[in-house]
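The next block is query.cif, given as mmCIF, C-alpha atoms and all ligand atoms.
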data_my_file
loop_
_atom_site.label_atom_id
_atom_site.label_comp_id
_atom_site.auth_asym_id
_atom_site.auth_seq_id
_atom_site.Cartn_x
_atom_site.Cartn_y
_atom_site.Cartn_z
CA MET A 966 190.13 209.45 82.24
CA ALA A 967 191.80 212.66 81.08
CA ASN A 968 190.91 212.21 77.44
CA SER A 969 187.61 210.50 78.05
CA LEU A 970 184.93 211.37 75.54
CA VAL A 971 181.28 210.44 75.47
CA LEU A 972 178.59 210.97 72.90
CA ALA A 973 175.56 212.54 74.54
CA VAL A 974 172.10 212.78 73.02
CA ASP A 975 169.22 214.94 74.16
CA LEU A 976 166.22 213.30 72.57
CA GLY A 977 163.25 215.65 72.58
CA GLY A 978 159.78 215.45 71.11
CA SER A 979 160.73 218.02 68.45
CA LYS A 980 164.54 218.17 68.39
CA ILE A 981 167.53 215.88 68.74
CA LEU A 982 170.65 217.53 70.11
CA THR A 983 173.82 215.43 69.94
CA ALA A 984 177.31 216.30 71.14
CA VAL A 985 180.72 214.82 71.80
CA VAL A 986 181.54 215.92 75.35
CA ASN A 987 184.70 215.72 77.46
CA VAL A 988 184.99 215.24 81.25
CA LYS A 989 184.94 219.00 81.82
CA GLY A 990 181.49 219.18 80.25
CA GLU A 991 182.87 220.89 77.14
CA MET A 992 181.31 220.09 73.78
CA LEU A 993 183.83 219.20 71.06
CA SER A 994 181.13 219.05 68.40
CA ARG A 995 177.42 219.50 68.30
CA ASP A 996 174.58 218.55 65.97
CA HIS A 997 171.01 219.70 65.93
CA SER A 998 168.27 217.89 64.01
CA ILE A 999 164.52 217.49 63.86
CA THR A 1000 162.91 214.50 65.62
CA PRO A 1001 160.77 212.62 63.08
CA ALA A 1002 158.49 211.81 66.02
CA ALA A 1003 155.33 211.14 64.00
CA LYS A 1004 157.13 208.44 61.96
CA GLY A 1005 157.61 206.26 65.04
CA PRO A 1006 160.55 204.77 66.96
CA GLU A 1007 162.47 203.28 64.01
CA ALA A 1008 162.69 206.60 62.19
CA VAL A 1009 163.67 208.41 65.39
CA ILE A 1010 166.40 205.88 66.16
CA GLN A 1011 167.70 206.20 62.60
CA ALA A 1012 167.81 209.99 63.06
CA ILE A 1013 169.80 209.54 66.30
CA LEU A 1014 172.31 207.27 64.51
CA GLU A 1015 172.74 209.72 61.63
CA SER A 1016 173.19 212.62 64.03
CA ALA A 1017 175.77 210.56 65.97
CA GLU A 1018 177.73 209.95 62.80
CA ARG A 1019 177.76 213.65 61.91
CA VAL A 1020 178.90 214.68 65.35
CA LEU A 1021 181.70 212.06 65.38
CA ASN A 1022 182.90 213.23 61.95
CA GLN A 1023 182.86 216.84 63.12
CA ALA A 1024 184.95 215.96 66.16
CA GLY A 1025 187.23 213.83 63.97
CA ILE A 1026 186.92 210.72 66.10
CA ALA A 1027 185.71 207.16 65.61
CA ALA A 1028 182.96 205.51 67.64
CA THR A 1029 185.57 203.15 69.11
CA GLU A 1030 187.23 206.12 70.81
CA LEU A 1031 184.10 206.81 72.85
CA GLU A 1032 183.84 205.64 76.45
CA ALA A 1033 180.07 205.55 76.21
CA ILE A 1034 176.94 206.91 74.61
CA CYS A 1035 174.24 208.36 76.78
CA ILE A 1036 170.74 209.27 75.67
CA GLY A 1037 168.55 211.56 77.72
CA ALA A 1038 165.02 210.50 76.77
CA PRO A 1039 161.70 212.11 77.63
CA GLY A 1040 159.02 210.15 79.43
CA LEU A 1041 159.33 206.96 81.43
CA SER A 1042 162.42 204.83 81.04
CA ASN A 1043 164.39 202.38 83.12
CA PRO A 1044 168.04 203.42 83.44
CA GLU A 1045 169.05 199.85 84.46
CA THR A 1046 167.61 198.04 81.44
CA GLY A 1047 167.63 200.96 79.02
CA VAL A 1048 164.04 200.36 78.02
CA VAL A 1049 161.83 203.37 77.24
CA PHE A 1050 158.38 202.38 78.55
CA ALA A 1051 156.35 205.26 77.20
CA SER A 1052 156.85 208.86 76.18
CA PRO A 1053 153.95 211.28 75.78
CA HIS A 1054 155.84 213.31 73.16
CA LEU A 1055 157.08 210.32 71.14
CA PRO A 1056 154.15 208.48 69.56
CA GLY A 1057 154.50 204.70 69.27
CA TRP A 1058 157.22 204.40 71.90
CA GLU A 1059 156.18 201.46 74.03
CA ASN A 1060 158.80 199.30 75.69
CA VAL A 1061 161.51 200.24 73.19
CA PRO A 1062 164.86 198.61 74.17
CA LEU A 1063 166.74 201.75 73.12
CA LYS A 1064 169.97 200.87 74.96
CA HIS A 1065 170.34 197.51 73.19
CA ILE A 1066 169.43 198.87 69.78
CA ILE A 1067 172.05 201.65 69.97
CA GLU A 1068 174.70 199.30 71.44
CA ASP A 1069 174.06 196.88 68.58
CA LYS A 1070 174.39 199.53 65.89
CA MET A 1071 177.25 201.56 67.36
CA GLY A 1072 179.22 198.91 69.28
CA VAL A 1073 179.60 201.29 72.23
CA LYS A 1074 178.29 200.93 75.79
CA THR A 1075 175.03 202.90 75.91
CA LEU A 1076 173.13 204.39 78.81
CA ILE A 1077 169.61 205.76 78.99
CA ILE A 1078 168.42 208.36 81.47
CA ASN A 1079 165.28 210.45 81.83
CA ASP A 1080 165.93 213.87 80.28
CA ALA A 1081 165.04 215.89 83.40
CA ASN A 1082 167.17 213.62 85.58
CA ALA A 1083 170.02 214.16 83.13
CA ALA A 1084 169.58 217.92 83.37
CA ALA A 1085 169.64 217.69 87.18
CA LEU A 1086 173.00 215.88 87.04
CA GLY A 1087 174.29 218.37 84.49
CA GLU A 1088 173.49 221.23 86.86
CA MET A 1089 175.09 219.29 89.74
CA TYR A 1090 178.39 218.70 87.92
CA PHE A 1091 178.69 221.73 85.70
CA GLY A 1092 175.99 224.28 86.60
CA ALA A 1093 173.95 225.93 89.35
CA ALA A 1094 173.92 222.94 91.73
CA LYS A 1095 177.69 222.44 92.06
CA GLY A 1096 178.41 221.16 95.55
CA ALA A 1097 174.74 220.53 96.42
CA ARG A 1098 173.82 217.08 97.80
CA ASP A 1099 170.05 217.42 98.24
CA PHE A 1100 168.31 219.42 95.59
CA ILE A 1101 165.49 219.41 93.11
CA TYR A 1102 165.84 220.44 89.50
CA ILE A 1103 162.66 221.74 87.91
CA THR A 1104 162.21 222.44 84.23
CA ILE A 1105 159.18 224.52 83.45
CA SER A 1106 158.31 224.80 79.77
CA THR A 1107 155.52 223.10 77.79
CA GLY A 1108 155.16 220.81 80.79
CA ILE A 1109 156.99 220.52 84.10
CA GLY A 1110 159.77 217.98 84.55
CA GLY A 1111 161.91 217.25 87.54
CA GLY A 1112 164.98 215.55 88.86
CA ILE A 1113 165.25 214.74 92.54
CA VAL A 1114 168.77 214.44 93.93
CA ILE A 1115 169.11 212.92 97.39
CA ASP A 1116 172.55 212.71 98.99
CA GLY A 1117 174.19 213.25 95.61
CA GLU A 1118 172.21 210.55 93.80
CA ILE A 1119 169.23 210.83 91.46
CA TYR A 1120 166.22 209.33 93.18
CA ALA A 1121 164.73 207.20 90.38
CA GLY A 1122 162.66 204.63 92.29
CA PRO A 1123 162.66 200.86 91.69
CA LEU A 1124 161.42 201.21 88.08
CA GLY A 1125 163.26 204.43 87.34
CA THR A 1126 160.14 206.50 86.85
CA ALA A 1127 160.33 208.72 89.97
CA GLY A 1128 160.64 212.49 89.81
CA GLU A 1129 157.54 213.11 87.72
CA ILE A 1130 156.82 216.20 89.79
CA GLY A 1131 154.80 217.81 86.98
CA HIS A 1132 152.14 215.19 87.58
CA MET A 1133 151.45 215.80 91.25
CA THR A 1134 147.81 216.77 91.59
CA ILE A 1135 147.30 220.39 92.57
CA ASP A 1136 143.57 220.69 91.77
CA THR A 1137 141.51 217.46 91.60
CA ASN A 1138 138.95 219.29 89.44
CA GLY A 1139 141.56 220.99 87.30
CA PRO A 1140 142.18 220.73 83.54
CA LYS A 1141 142.75 217.35 81.91
CA CYS A 1142 146.41 216.36 81.69
CA ASN A 1143 148.23 214.39 78.95
CA CYS A 1144 148.83 211.68 81.54
CA GLY A 1145 145.08 211.10 81.92
CA ASN A 1146 144.78 212.73 85.33
CA ASN A 1147 143.13 216.06 86.16
CA GLY A 1148 144.74 219.16 87.61
CA CYS A 1149 148.36 218.02 87.53
CA TRP A 1150 150.90 220.72 88.40
CA GLU A 1151 151.88 221.06 84.73
CA THR A 1152 148.29 221.71 83.66
CA LEU A 1153 148.26 224.79 85.91
CA ALA A 1154 151.79 226.13 86.02
CA SER A 1155 153.41 225.55 82.62
CA GLY A 1156 153.66 227.31 79.27
CA THR A 1157 150.74 225.19 78.10
CA ALA A 1158 148.65 226.44 81.02
CA LEU A 1159 149.52 230.06 80.26
CA THR A 1160 148.65 229.60 76.58
CA ARG A 1161 145.37 227.82 77.32
CA GLU A 1162 144.20 230.38 79.88
CA ALA A 1163 145.12 233.29 77.59
CA ARG A 1164 143.19 231.85 74.66
CA GLN A 1165 140.17 231.10 76.83
CA ARG A 1166 140.06 234.56 78.32
CA ILE A 1167 140.50 236.22 74.94
CA ALA A 1168 137.78 234.01 73.41
CA ALA A 1169 135.50 235.04 76.28
CA GLY A 1170 136.02 238.67 75.31
CA ALA A 1171 138.62 239.88 77.82
CA LYS A 1172 140.12 243.28 77.12
CA THR A 1173 143.77 242.87 76.15
CA SER A 1174 146.47 243.88 73.69
CA ILE A 1175 147.73 240.29 73.35
CA LEU A 1176 146.23 239.76 69.87
CA GLU A 1177 148.13 242.79 68.57
CA TYR A 1178 151.25 240.62 68.70
CA THR A 1179 149.70 237.85 66.57
CA ASN A 1180 147.91 239.87 63.86
CA GLY A 1181 144.64 239.02 65.55
CA ASP A 1182 145.18 235.25 65.34
CA ILE A 1183 144.17 233.64 68.65
CA ASN A 1184 145.83 230.36 67.63
CA LYS A 1185 149.19 232.10 67.55
CA VAL A 1186 148.89 233.16 71.19
CA ASN A 1187 151.55 231.41 73.27
CA ALA A 1188 153.46 231.87 76.51
CA GLU A 1189 156.10 234.03 74.85
CA ILE A 1190 153.47 236.37 73.40
CA VAL A 1191 151.74 236.68 76.78
CA HIS A 1192 155.09 237.54 78.35
CA LYS A 1193 155.72 240.15 75.67
CA ALA A 1194 152.32 241.75 76.34
CA ALA A 1195 152.96 241.69 80.10
CA ARG A 1196 156.26 243.53 79.60
CA GLN A 1197 154.33 246.24 77.76
CA GLY A 1198 151.97 246.54 80.74
CA ASP A 1199 148.98 244.53 79.48
CA ALA A 1200 146.78 243.91 82.52
CA LEU A 1201 145.37 240.55 81.39
CA ALA A 1202 148.83 239.21 80.50
CA LYS A 1203 150.11 240.24 83.92
CA GLU A 1204 147.12 238.62 85.61
CA LEU A 1205 147.62 235.36 83.69
CA ILE A 1206 151.30 235.17 84.58
CA ALA A 1207 150.40 235.89 88.22
CA GLN A 1208 147.96 232.96 88.14
CA VAL A 1209 150.57 230.56 86.72
CA SER A 1210 153.05 231.90 89.23
CA TYR A 1211 150.62 231.21 92.08
CA TYR A 1212 150.20 227.58 91.09
CA PHE A 1213 153.93 227.23 90.54
CA GLY A 1214 154.39 228.41 94.14
CA VAL A 1215 151.85 225.87 95.44
CA GLY A 1216 153.87 223.04 93.87
CA LEU A 1217 157.13 224.47 95.24
CA ALA A 1218 155.63 224.45 98.74
CA ASN A 1219 154.72 220.76 98.35
CA LEU A 1220 158.24 219.87 97.23
CA ILE A 1221 159.81 221.87 100.07
CA ASN A 1222 157.60 220.16 102.66
CA ILE A 1223 158.22 216.67 101.27
CA PHE A 1224 161.95 216.84 100.52
CA ASN A 1225 163.44 219.68 102.59
CA PRO A 1226 165.87 220.38 99.72
CA GLU A 1227 168.85 222.70 100.29
CA LEU A 1228 168.43 224.03 96.76
CA ILE A 1229 165.82 224.21 94.02
CA VAL A 1230 167.21 224.86 90.53
CA ILE A 1231 164.70 226.18 88.02
CA GLY A 1232 165.22 225.94 84.26
CA GLY A 1233 163.16 225.55 81.10
CA GLY A 1234 161.78 228.07 78.62
CA LEU A 1235 159.03 229.51 80.81
CA SER A 1236 161.55 230.35 83.56
CA ASN A 1237 162.91 232.96 81.15
CA ILE A 1238 159.96 235.13 82.21
CA GLY A 1239 162.18 235.61 85.25
CA ASP A 1240 161.28 237.55 88.38
CA ARG A 1241 157.73 238.33 87.27
CA LEU A 1242 157.02 234.60 87.38
CA LEU A 1243 159.43 233.37 90.04
CA GLU A 1244 159.42 235.98 92.81
CA PRO A 1245 155.64 235.77 93.50
CA ALA A 1246 155.91 231.95 93.34
CA TYR A 1247 158.60 232.00 96.06
CA LYS A 1248 156.28 234.17 98.16
CA VAL A 1249 153.42 231.66 97.77
CA ALA A 1250 155.81 228.85 98.71
CA GLU A 1251 156.90 230.83 101.76
CA GLU A 1252 153.28 231.29 102.85
CA ARG A 1253 152.38 227.62 102.39
CA ALA A 1254 155.48 225.59 103.30
CA TYR A 1255 156.83 224.85 106.76
CA LYS A 1256 158.75 227.92 107.86
CA VAL A 1257 161.95 226.11 108.85
CA ALA A 1258 162.00 224.12 105.62
CA PHE A 1259 161.39 227.24 103.52
CA GLU A 1260 164.09 229.17 105.32
CA SER A 1261 166.68 226.50 104.58
CA VAL A 1262 166.03 226.35 100.83
CA ARG A 1263 167.90 228.36 98.24
CA PHE A 1264 166.47 229.03 94.77
CA ALA A 1265 168.69 229.28 91.70
CA ARG A 1266 168.18 229.61 87.97
CA ALA A 1267 169.57 226.77 85.86
CA GLU A 1268 172.88 227.65 84.20
CA LEU A 1269 173.16 225.19 81.31
CA GLY A 1270 170.19 226.46 79.30
CA ARG A 1271 169.40 224.51 76.14
CA ASN A 1272 172.48 222.37 76.59
CA SER A 1273 171.32 220.99 79.94
CA GLY A 1274 170.08 217.77 78.34
CA VAL A 1275 173.27 216.87 76.46
CA ILE A 1276 175.64 218.08 79.16
CA GLY A 1277 173.53 216.22 81.73
CA ALA A 1278 173.51 213.00 79.73
CA ALA A 1279 177.29 213.31 79.44
CA ALA A 1280 177.59 213.91 83.20
CA TYR A 1281 175.57 210.76 83.83
CA ALA A 1282 177.76 208.74 81.47
CA PHE A 1283 180.99 209.94 83.11
CA ARG A 1284 179.54 209.20 86.50
CA GLU A 1285 178.59 205.66 85.46
CA ILE A 1286 182.00 205.09 83.84
CA GLY A 1287 183.61 206.37 87.00
CA LYS A 1288 181.54 203.94 89.00
CA ALA A 1289 182.47 201.08 86.70
CA LYS A 1290 186.14 201.92 87.09
CA GLY A 1291 185.73 202.36 90.83
CA ASN A 1292 187.12 205.87 90.91
CA VAL A 1293 184.03 208.06 91.30
CA LYS A 1294 184.34 210.54 94.14
ZN ZN B 1301 149.57 214.66 84.54
#
Go ahead and express the file in the form of C-alpha cells.
Ligand SMILES: [Zn+2]
Amino acid sequence: MANSLVLAVDLGGSKILTAVVNVKGEMLSRDHSITPAAKGPEAVIQAILESAERVLNQAGIAATELEAICIGAPGLSNPETGVVFASPHLPGWENVPLKHIIEDKMGVKTLIINDANAAALGEMYFGAAKGARDFIYITISTGIGGGIVIDGEIYAGPLGTAGEIGHMTIDTNGPKCNCGNNGCWETLASGTALTREARQRIAAGAKTSILEYTNGDINKVNAEIVHKAARQGDALAKELIAQVSYYFGVGLANLINIFNPELIVIGGGLSNIGDRLLEPAYKVAEERAYKVAFESVRFARAELGRNSGVIGAAAYAFREIGKAKGNVK
C-alpha cells in the first residue's frame, strides 16, 4: 500500500478538480478545469477524461499504475452501483452510469461518492475530524451539503442518498427551493439566501452601502459583497448575516437533537465569514437543542478548504481498497 496512488475527481457544477493523491492525502499533481455543464453528461465526462489524462501526465504515471479512480459527484448517486440519479447543478444527468463509463474508458476500478460525503471522509482522515467516530460535516456555500458519519462510517441509506441536510424543512412557508420544496434549510441559511435577501431589501429601498461595492449594480450583489459591507459596519449587511446565522443555528439544533454528534465540522465558502456567522448560530443552537446534547458537541472549521472534495474522494478510494484487501483499520 505504501506507493498506492489514486486519481481523485471533484466534479462540481462549475469546476472539475482532478488530482493524483497518495495514501497520506498528498497531491502529486493537480488539474483545474471548467465543467461544460450546459452541454450535458457526455461533454462533462469527456472533460473528466481529458483532465485525468493531464493529471496523469503531470505526475508522470500511467493509468495502469493507479489503484482506483474516485469521483466525488454532486447530487444524488448510488455508491454501490456508481449511477448518478440526478444532480441539480448538472443539467441532463439522469441515471448516468458514471462508474461503468469511466471504468470502460480508463480500465481502472472506479468509485462514485456524493461530494459532501467525500469531504466528510477527507476531514475524517486528513483534516478537522481526525479521530472522530460520530460527526457531521456541513458545507455551507451556494447551498448546504452534508455528510453524516456514524461510528466511523458514512451513513448513506439504502439508496445512497442520505445526508441531504440542506433540504430539511425549516419554514414550511419559506422560499422555494431547487428541490421543489419550500423553506429548506439551504433556502434560508446559505450564500444564495444571503444574496436573495440583500437584493430584496435593497430593491425595497433599504438604506445601505452595499451597492457602493458593485458600482450600483444590484445584480452584482452576492454573499461576499454583503460580508465586505458588514466588515465596514453596514447595518443592513450585519442584519442580513445575523438572519442567515439564526437559521443556520436552527438547523444545527435539529442535527444535534437527532444525531447527538461529538463533532460538527463546518466548511464551504460562506463559512469564511467566520465568527460573525458562526458564533451567533452556535448560540441559537444552544438555546434550541437539548442541553446535554449541545454540551457534548464540539464545533470545528473544516481544514481541507477547496481541496476537500478531491482529498475526500481519495480518502474514500483508499478506504474501499483497504476494505477490498481486508486490511482497513
Ligand atoms: Zn430543498
Check which residues of region 1086-1175 of chain A sit at most 8 Å from region 1027-1044 of chain A using all atoms listed in the file, and return one row each with the closest pair of atoms and their distance in Å to one decimal, ordered by chain and rising number, as CSV.
residue,atom,partner,partner_atom,distance
A:Leu1124,CA,A:Asn1043,CA,5.9
A:Gly1125,CA,A:Asn1043,CA,4.8
A:Thr1126,CA,A:Leu1041,CA,5.5
Exercise: Ser979 (chain A) partners within 10 Å, all atoms listed in the file, chain neighbours under 4 positions left out, as a list in words: Ser998, Ile999, Thr1000, Pro1001, Ala1002, Ala1003, His1054 and Leu1055 of chain A
Check which residues fall inside 7 Å of ligand ZN 1301 (chain B) when counting all atoms listed in the file, and print them as a PyMOL selection string. chain A and resi 1131-1132+1142-1147+1149+1151
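Minimum distance to Gly1112 (chain A) across A:Ile1229, A:Ala1194, A:Ala1202, A:Ala1171 (counting all atoms listed in the file) occurs at A:Ile1229.
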My list of candidates is A:Thr1157, A:Asn1222, A:Asn1272, A:Gln1023. Which is closest to Ala1188 (chain A) when distances are computed with only C-alpha atoms? A:Thr1157
Between CA of Phe1224 (chain A) and CA of Ser1155 (chain A), distance in Å (one decimal):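 CA of Ser1155 (chain A) lies 21.7 Å from CA of Phe1224 (chain A).
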When distances are computed from all atoms listed in the file, which of A:Gly1232, A:Gly1110, A:Gly1170, A:Pro1245 shows the smallest separation from Asp1080 (chain A)?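 That would be A:Gly1110, the residue with the smallest distance to Asp1080 (chain A).
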Atom-to-atom span, CA of Glu1244 (chain A) and CA of Ile1119 (chain A), Å: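 So the two atoms, CA of Glu1244 (chain A) and CA of Ile1119 (chain A), lie 27.0 Å apart.
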Identify which of the residues A:Glu1204, A:Glu1268, A:Glu1129, A:Glu1059 lies closest to Tyr1090 (chain A), counting only C-alpha atoms when measuring atom-to-atom distances. A:Glu1268
Atomic distance CA of Phe1283 (chain A) - CA of Leu970 (chain A), expressed in Å with one decimal: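 Distance reported for this atom pair: 8.7 Å.
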Rank A:Val1262, A:Ser1106, A:Glu1007, A:Asn968 by their smallest atom-to-atom distance to Glu991 (chain A), using only C-alpha atoms, and report the top residue only.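 The shortest atom-to-atom distance to Glu991 (chain A) comes from A:Asn968.
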Leaving out region 1164-1167 of chain A and any residue of its chain fewer than 6 positions from it, which residues lie within 9 Å of it when counting all atoms listed in the file, given as a list in words?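 Listing them by chain and then by number gives Thr1173, Ile1175, Leu1176, Ile1183, Asn1184, Val1186, Asn1187 and Leu1201 of chain A.
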Residue subset to file, keeping C-alpha atoms, as a PDB file, in the coordinates of the input:
ATOM      1  CA  THR A1173     143.770 242.870  76.150  1.00  0.00           C
ATOM      2  CA  ILE A1175     147.730 240.290  73.350  1.00  0.00           C
ATOM      3  CA  LEU A1176     146.230 239.760  69.870  1.00  0.00           C
ATOM      4  CA  ILE A1183     144.170 233.640  68.650  1.00  0.00           C
ATOM      5  CA  ASN A1184     145.830 230.360  67.630  1.00  0.00           C
ATOM      6  CA  VAL A1186     148.890 233.160  71.190  1.00  0.00           C
ATOM      7  CA  ASN A1187     151.550 231.410  73.270  1.00  0.00           C
ATOM      8  CA  LEU A1201     145.370 240.550  81.390  1.00  0.00           C
TER       9      LEU A1201
END
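If only C-alpha atoms are the atoms counted, then among A:Ala973, A:Val1114, A:Ile1066, A:Ile1276 the closest residue to Ala1127 (chain A) is A:Val1114.
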How about completing region 1006-1016 of chain A with all heavy atoms and giving it to me as a compact mmCIF listing (two decimals), keeping the file's coordinate frame?
# COMPACT_ATOMS: atom_id res chain seq x y z
N PRO A 1006 159.24 205.03 66.35
CA PRO A 1006 160.55 204.77 66.96
C PRO A 1006 161.67 204.46 65.97
O PRO A 1006 162.78 204.97 66.11
CB PRO A 1006 160.31 203.55 67.85
CG PRO A 1006 158.84 203.46 68.03
CD PRO A 1006 158.19 204.16 66.90
N GLU A 1007 161.39 203.66 64.93
CA GLU A 1007 162.47 203.28 64.01
C GLU A 1007 163.08 204.49 63.34
O GLU A 1007 164.31 204.61 63.22
CB GLU A 1007 161.95 202.31 62.95
CG GLU A 1007 162.19 200.87 63.33
CD GLU A 1007 161.67 199.91 62.29
OE1 GLU A 1007 161.92 200.13 61.09
OE2 GLU A 1007 160.99 198.95 62.70
N ALA A 1008 162.21 205.40 62.86
CA ALA A 1008 162.69 206.60 62.19
C ALA A 1008 163.47 207.49 63.16
O ALA A 1008 164.49 208.08 62.80
CB ALA A 1008 161.52 207.37 61.59
N VAL A 1009 162.99 207.57 64.39
CA VAL A 1009 163.67 208.41 65.39
C VAL A 1009 165.04 207.83 65.70
O VAL A 1009 166.04 208.56 65.77
CB VAL A 1009 162.82 208.55 66.67
CG1 VAL A 1009 163.60 209.26 67.77
CG2 VAL A 1009 161.51 209.29 66.38
N ILE A 1010 165.11 206.52 65.87
CA ILE A 1010 166.40 205.88 66.16
C ILE A 1010 167.38 206.07 65.00
O ILE A 1010 168.55 206.36 65.20
CB ILE A 1010 166.19 204.38 66.51
CG1 ILE A 1010 165.48 204.29 67.86
CG2 ILE A 1010 167.53 203.63 66.54
CD1 ILE A 1010 164.93 202.92 68.20
N GLN A 1011 166.87 205.96 63.78
CA GLN A 1011 167.70 206.20 62.60
C GLN A 1011 168.24 207.63 62.62
O GLN A 1011 169.42 207.86 62.34
CB GLN A 1011 166.87 205.95 61.32
CG GLN A 1011 167.65 205.93 60.02
CD GLN A 1011 168.84 204.95 60.05
OE1 GLN A 1011 168.74 203.86 60.62
NE2 GLN A 1011 169.97 205.36 59.49
N ALA A 1012 167.39 208.58 62.99
CA ALA A 1012 167.81 209.99 63.06
C ALA A 1012 168.89 210.18 64.12
O ALA A 1012 169.84 210.95 63.93
CB ALA A 1012 166.61 210.88 63.35
N ILE A 1013 168.77 209.45 65.25
CA ILE A 1013 169.80 209.54 66.30
C ILE A 1013 171.14 209.01 65.75
O ILE A 1013 172.19 209.63 65.93
CB ILE A 1013 169.39 208.71 67.55
CG1 ILE A 1013 168.18 209.35 68.24
CG2 ILE A 1013 170.56 208.60 68.53
CD1 ILE A 1013 167.59 208.50 69.36
N LEU A 1014 171.08 207.88 65.05
CA LEU A 1014 172.31 207.27 64.51
C LEU A 1014 172.98 208.19 63.49
O LEU A 1014 174.21 208.35 63.49
CB LEU A 1014 171.99 205.91 63.89
CG LEU A 1014 171.56 204.83 64.88
CD1 LEU A 1014 170.99 203.62 64.15
CD2 LEU A 1014 172.73 204.41 65.78
N GLU A 1015 172.17 208.82 62.64
CA GLU A 1015 172.74 209.72 61.63
C GLU A 1015 173.36 210.95 62.29
O GLU A 1015 174.44 211.42 61.89
CB GLU A 1015 171.64 210.14 60.63
CG GLU A 1015 171.31 209.01 59.67
CD GLU A 1015 170.03 209.24 58.88
OE1 GLU A 1015 169.52 210.39 58.88
OE2 GLU A 1015 169.54 208.27 58.26
N SER A 1016 172.68 211.46 63.31
CA SER A 1016 173.19 212.62 64.03
C SER A 1016 174.51 212.25 64.74
O SER A 1016 175.46 213.03 64.75
CB SER A 1016 172.14 213.08 65.04
OG SER A 1016 172.66 214.08 65.86
